[in-house]
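Asks: Dropping the structure in here first, questions after.
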Amino acid sequence: MDPTSEPIIRRIVSGIQPSGRLHLGNYMGAVRNWITLQEEHECFFFIADWHALSTNYENTAMLRGYAKEMLLDWLSLGLDPKKCTLFQQSHVVEHAELYLLLGMMTPVAWLLRNPSYKDQMVQIEHRDLAMYGFLGYPVLQTADIVLYRPSHVPVGQDQVPHLELAREIVRRFNSLYGEVFPEPLPLLTETPKLAGLDGRKMSKSYDNCIFVSDPPDAVWEKLRTMKTDERRKRRNDPGNPEDCPVFSLHEVFTALPVRQQIDRDCRTASIGCIDCKKILLEGVEALLSPAREKRKELESKPGILREIIGKGCVKAAAEADKTMELVREAMKIS
Ligand code: TRP
Ligand code: SF4
């Protein structure tokens, strides 16, 4: 293949687990890319609420609220139900049917050697994850994807092993029962690792996030107290932007010429950290302020979320239904 030619993208599927409010890291890692993709391609984006149960099966009460928040976050940032199909996994029960069927032919050894399974088993200590559903997570994810027979799946680097597994399951299915599924290709999203308030990676589990739905004063309070280069103890101490988590946010939110100026001024102590953070605030607010307006507009229309997700689920289910016909036919169980 000509290495310069763009892959032909036909249909896109991706989802996110609803595990709380969306933060800037989630936005940069996935949603920003989805908003671009919806302009050019046929896109299915879904709330992966069943997936959230795989690690949170004991706290199911939060799930409904999280799903609603997530939809609000998506819409406020610019995902547009006129341009893409937005739906909720658990409302399209074909996900469960295909998950079950794929589970019949997925070797357990493939699941046991999945790197993110092994990682999470070690990392998440406070919950007992020795569950069938947690092991089977990638099978459900495979069902989520191939149910829509997409050409591509936009994912971050961390999800690549899951997608590779999905491709293996697809190959096995196709060789057992006939060519039903195209092998989905990853559409790698470049995910700048966004620093959180404490300088570690922005993540809910570190409690260091700026959320898309934070009000302006909360955003400023977070930035104001955000960690900077430790060398700048006093105003006159020069710093190094490379060691400053604030600067890593500038790299995403502040235009290049301004950022270059800050870089110089930080190294010569010509700018104070508070002024530097005020410039960052402008960049962050350029994203969040319109999102707040949009959210307010949505919140003033009771029933709108239900309507959007309802319509999306009908569209998704129609596609899922077509695929399941083919699957049952291929497996001779129709
Ligand atoms: N595993 C993904 C995550 O944790 C969520 C997900 C579930 C997903 N099913 C998917 C992503 C299908 C892409 C395609 O973020
Ligand atoms: Fe960081 Fe800006 Fe302070 Fe430099 S001036 S240390 S980049 S906050």
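Going by the structure tokens order, chains are called A, B, ..., each with residues numbered from 1, while ligands are numbered from 1 in the order shown.
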10 Å from ligand 1 is the threshold here; counting only C-alpha atoms and all ligand atoms, which polymer residues fall inside it? Answer as JSON, numbers by chain.
Replies: {"A": [12, 13, 14, 15, 16, 17, 18, 19, 26, 29, 30, 44, 45, 46, 47, 48, 49, 50, 51, 52, 89, 137, 138, 139, 140, 141, 142, 143, 144, 145, 146, 152, 153, 154, 155, 156, 158, 159, 160, 162, 163, 166, 186]}
Asks: Any idea what's packed within 12 Å of A:Cys273, counting only C-alpha atoms, ignoring anything in its chain fewer than 2 positions away? Could you give it as a ChimeraX atom specification?
Replies: /A:223-241,244-247,262-263,265-267,269-271,275-280
Asks: Output C-alpha atoms for every residue in that selection, as a PDB file, in the first residue's frame.
Replies:
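Writing the result to out10.pdb gives the following:
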```
ATOM      1  CA  LEU A 223      -5.343  26.059  38.136  1.00  0.00           C
ATOM      2  CA  ARG A 224      -4.360  28.629  40.748  1.00  0.00           C
ATOM      3  CA  THR A 225      -3.257  25.925  43.146  1.00  0.00           C
ATOM      4  CA  MET A 226      -1.870  23.597  40.503  1.00  0.00           C
ATOM      5  CA  LYS A 227       1.674  22.349  40.938  1.00  0.00           C
ATOM      6  CA  THR A 228       4.376  24.191  38.979  1.00  0.00           C
ATOM      7  CA  ASP A 229       8.099  23.702  38.503  1.00  0.00           C
ATOM      8  CA  GLU A 230       9.452  23.328  42.026  1.00  0.00           C
ATOM      9  CA  ARG A 231      12.430  25.518  41.204  1.00  0.00           C
ATOM     10  CA  ARG A 232      10.195  28.566  41.163  1.00  0.00           C
ATOM     11  CA  LYS A 233       9.886  28.989  44.903  1.00  0.00           C
ATOM     12  CA  ARG A 234      10.063  32.751  44.665  1.00  0.00           C
ATOM     13  CA  ARG A 235       8.929  35.043  41.891  1.00  0.00           C
ATOM     14  CA  ASN A 236      12.532  35.725  40.842  1.00  0.00           C
ATOM     15  CA  ASP A 237      13.562  32.086  40.608  1.00  0.00           C
ATOM     16  CA  PRO A 238      13.793  30.981  36.975  1.00  0.00           C
ATOM     17  CA  GLY A 239      12.001  27.769  36.041  1.00  0.00           C
ATOM     18  CA  ASN A 240      11.989  25.116  33.396  1.00  0.00           C
ATOM     19  CA  PRO A 241       8.693  24.616  31.541  1.00  0.00           C
ATOM     20  CA  CYS A 244       6.050  22.061  34.877  1.00  0.00           C
ATOM     21  CA  PRO A 245       2.640  20.370  34.648  1.00  0.00           C
ATOM     22  CA  VAL A 246       1.031  23.745  33.960  1.00  0.00           C
ATOM     23  CA  PHE A 247       3.127  24.096  30.860  1.00  0.00           C
ATOM     24  CA  ILE A 262       5.882  31.784  28.077  1.00  0.00           C
ATOM     25  CA  ASP A 263       8.660  29.254  27.617  1.00  0.00           C
ATOM     26  CA  ASP A 265       9.703  34.142  30.146  1.00  0.00           C
ATOM     27  CA  CYS A 266       9.581  31.221  32.555  1.00  0.00           C
ATOM     28  CA  ARG A 267      13.268  30.465  32.047  1.00  0.00           C
ATOM     29  CA  ALA A 269      11.664  34.557  35.535  1.00  0.00           C
ATOM     30  CA  SER A 270      10.031  37.343  33.520  1.00  0.00           C
ATOM     31  CA  ILE A 271       6.597  35.907  34.092  1.00  0.00           C
ATOM     32  CA  ASP A 275       0.086  35.231  35.282  1.00  0.00           C
ATOM     33  CA  CYS A 276       1.136  32.168  33.392  1.00  0.00           C
ATOM     34  CA  LYS A 277      -1.857  30.298  34.787  1.00  0.00           C
ATOM     35  CA  LYS A 278      -4.186  33.143  33.842  1.00  0.00           C
ATOM     36  CA  ILE A 279      -3.139  32.719  30.233  1.00  0.00           C
ATOM     37  CA  LEU A 280      -3.810  28.999  30.521  1.00  0.00           C
TER      38      LEU A 280
END
```
Asks: Using only C-alpha atoms and all ligand atoms, which of A:Gly272, A:Met331, A:Gly283, A:Asp321 sits nearest ligand 2?
Replies: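 Among the listed residues, A:Gly272 lies closest to ligand 2.
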Asks: If you run DSSP over the backbone, which residues in stretch 141-325 of chain A end up helix (DSSP H, G or I)? Put them as an MDAnalysis selection string.
Replies: chainID A and resid 141:146 157:177 204:206 216:224 241:243 245:253 256:267 273:299 304:325
Asks: Just to confirm, what's the straight-line distance from atom CA of A:Asp243 to atom 3 (Fe, counted along the ligand's line) of ligand 2 in Å (one decimal)?
Replies: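 Those two atoms sit 9.8 Å apart.
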Asks: Hey, can you check how far atom CA of A:Ser300 sits from atom CA of A:Phe211?
Replies: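 Between atom CA of A:Ser300 and atom CA of A:Phe211 the gap is 21.0 Å.
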Asks: Identify, with DSSP run on backbone atoms, the residues in stretch 77-313 of chain A assigned to strand (DSSP E or B), and express the list as number ranges by chain.
Replies: A: 85-88, 152-155, 185-188, 195, 201, 211
Asks: Could you work out how far atom CA of A:Pro184 lies from atom CA of A:Ser334, giving the answer in Å with one decimal?
Replies: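 If I compute the distance from atom CA of A:Ser334 to atom CA of A:Pro184, I get 25.0 Å.
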Asks: Smallest atom-to-atom distance to A:Gly310: which of A:Asn208, A:Ser90, A:Asn174, A:Ser76, using only C-alpha atoms?
Replies: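 Of A:Asn208, A:Ser90, A:Asn174, A:Ser76, the one nearest A:Gly310, counting only C-alpha atoms, is A:Ser90.
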Asks: Rank nothing, just name the residue among A:Leu288, A:Cys43, A:Val92, A:Leu129 nearest to A:Tyr57, using only C-alpha atoms.
Replies: A:Leu129
Asks: Using only C-alpha atoms and all ligand atoms, pick whichever of A:Leu197, A:Leu102, A:Leu326, A:Ile8 has the shortest atom-to-atom distance to ligand 2.
Replies: A:Leu197
